[in-house]
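Here is the structure we will look at, set down as structure tokens.
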Amino acid sequence: MKILKLTAENVKKLKVVEITPKGDLVQVTGKNGQGKSSVLDSIWWALAGKGSIQKEPVRRGADKGRIELDLGDYIVERRFTKEGGSTINVRSREGATYPSPQAMLDALIGDLSFDPLAFSRMDSKRQFEELRKIAQLEIDIEKLDGLNRTDFTARTEVNRQEKAARGRAAAIVVPDLNVEPSDESQLLSELEEAGKHNTLAESRKAALKTLERDAGDNRSRCADAMAQVARLRDEADTLEQRARSFSANADELDAQISAFTPLEPIETAPIRDRLQAARQTNSLIAQRDRKRSGKVGIVMEDGAVAADHQEVATA
């Protein structure tokens, strides 16, 4: 979770402040009483429940206050009234709201919840302990502490033995030996180096376990991928068979197309002209037949019959 933007209005000593971090570190500086603690409280009040908010969160002279915290995927908005009332709203980047915003924030923050202002007032030892609670390390800190205590105890015992030996040596007369004195500081350095080496060995052992776990995960993913490849190959074989069937059908259709004999269209205009001529001839024949039946008419040039009729004597 990372803060992308903080906006606070009328909160404690703040009138209006807007902070958009441009990196992993943001320094809030200024003289006493200028609102540094108000900035930290604004962040904490936006995330924590009502129990963490002081009795009068609104700036003196203002009727209401507001904090908006942009966390990337979520936007948290908390509003205050000078009477001490407080409301909170949490929405997603797409605008979806949550019916239980504080419960959602509590689940989101989890073990990372701590009061930054209280943290800044702790001594270095307390701060170290708080950071150890929330830091997610692959190394067993408790085990390293045990190793460090063992090394410290061993060094203490060696120093005690050294002092006792020096005391005993001072009480006796050492004969003149033809040997050089041992470099005790060198031995102590070797002992310290051995302790560092053992600590590094434990760290590497933990790293090895992590690598072995990752290797197992990768083998499992590889097996899943190979199974998927097998399924895809089966699907590819099925599609290839279908493609061959389609190709065979296409070849058969091509053969039918090659054997197909197209028909040339018949010109209908001459037939229409012949039909018209036949109609005219049939009309003349009909006129002739009417003449023979006793009706006489005069045939005009266009084939029409005159209006007057004459009786024709039969032969």
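A note on labels: chains of the structure tokens are A, B, ... as shown, every chain counts residues from 1, and ligands are counted from 1 in their shown order.
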Self-check item: All alpha helix (DSSP H) residues (DSSP, backbone) inside range 37-275 of chain A, as a ChimeraX atom specification
Solution: /A:37-47,101-109,116-121,124-134,141-171,184-259,269-275
Quiz item: Which polymer residues have any atom within 10 Å of an atom of Pro57 in chain A, counting only C-alpha atoms, with same-chain residues fewer than 5 positions away left out, as a VMD selection string?
Solution: chain A and resid 10 to 13 38 41 to 42 45 64 to 66 79 to 86
For the selection you just gave me, I'd like the residues written to a file as a tab-separated table (two decimals), in the first residue's frame, keeping N, CA and C atoms.
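Result saved to out-v5.tsv:
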chain	number	residue	atom	x	y	z
A	10	ASN	N	-8.82	22.01	7.09
A	10	ASN	CA	-9.32	22.36	8.43
A	10	ASN	C	-9.18	21.21	9.43
A	11	VAL	N	-8.01	20.59	9.45
A	11	VAL	CA	-7.71	19.51	10.37
A	11	VAL	C	-6.64	19.99	11.34
A	12	LYS	N	-6.97	20.03	12.63
A	12	LYS	CA	-6.05	20.51	13.67
A	12	LYS	C	-5.52	21.91	13.29
A	13	LYS	N	-4.21	22.03	13.04
A	13	LYS	CA	-3.65	23.34	12.71
A	13	LYS	C	-3.57	23.58	11.20
A	38	SER	N	0.08	17.50	12.57
A	38	SER	CA	-1.26	17.48	11.98
A	38	SER	C	-1.28	16.69	10.68
A	41	ASP	N	-1.16	13.06	11.74
A	41	ASP	CA	-2.47	12.68	12.30
A	41	ASP	C	-3.51	12.54	11.20
A	42	SER	N	-3.43	13.37	10.15
A	42	SER	CA	-4.40	13.30	9.06
A	42	SER	C	-4.33	11.93	8.38
A	45	TRP	N	-5.73	9.32	10.96
A	45	TRP	CA	-7.17	9.44	11.18
A	45	TRP	C	-7.96	8.96	9.97
A	64	LYS	N	-16.23	22.54	9.75
A	64	LYS	CA	-16.05	21.14	9.36
A	64	LYS	C	-14.65	20.95	8.78
A	65	GLY	N	-14.20	19.71	8.79
A	65	GLY	CA	-12.89	19.35	8.25
A	65	GLY	C	-13.02	18.16	7.33
A	66	ARG	N	-11.98	17.94	6.54
A	66	ARG	CA	-12.02	16.87	5.56
A	66	ARG	C	-10.62	16.35	5.29
A	79	ARG	N	-14.71	12.84	6.92
A	79	ARG	CA	-15.21	14.21	7.19
A	79	ARG	C	-15.49	14.36	8.69
A	80	PHE	N	-15.27	15.58	9.19
A	80	PHE	CA	-15.47	15.87	10.60
A	80	PHE	C	-16.39	17.09	10.75
A	81	THR	N	-17.05	17.15	11.88
A	81	THR	CA	-17.79	18.34	12.27
A	81	THR	C	-17.18	18.88	13.56
A	82	LYS	N	-17.39	20.17	13.81
A	82	LYS	CA	-16.78	20.76	15.00
A	82	LYS	C	-17.39	20.19	16.29
A	83	GLU	N	-18.57	19.56	16.17
A	83	GLU	CA	-19.16	18.92	17.35
A	83	GLU	C	-18.52	17.57	17.67
A	84	GLY	N	-17.62	17.09	16.80
A	84	GLY	CA	-16.95	15.83	17.06
A	84	GLY	C	-17.45	14.68	16.21
A	85	GLY	N	-18.42	14.92	15.34
A	85	GLY	CA	-18.93	13.85	14.49
A	85	GLY	C	-17.94	13.50	13.39
A	86	SER	N	-18.01	12.26	12.90
A	86	SER	CA	-17.07	11.79	11.89
A	86	SER	C	-17.77	10.78	11.00
Quiz item: What are the DSSP strand (DSSP E or B) residues of range 88-225 of chain A, as a ChimeraX atom specification?
Solution: /A:88-92,97
Self-check item: Selection near Asn89 in chain A, 10 Å with only C-alpha atoms, sequence-local residues under 4 positions removed, as a VMD selection string
Solution: chain A and resid 46 68 75 to 79 97 to 102
Quiz item: How far is it from CA of Ile257 in chain A to CA of Ala243 in chain A, in Å with one decimal?
Solution: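 Spanning CA of Ile257 in chain A to CA of Ala243 in chain A is a straight-line distance of 20.6 Å.
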Exercise. Could you tell me how far CA of Ser52 in chain A lies from CA of Thr87 in chain A, in Å and to one decimal?
Key: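 If I compute the distance from CA of Ser52 in chain A to CA of Thr87 in chain A, I get 13.5 Å.
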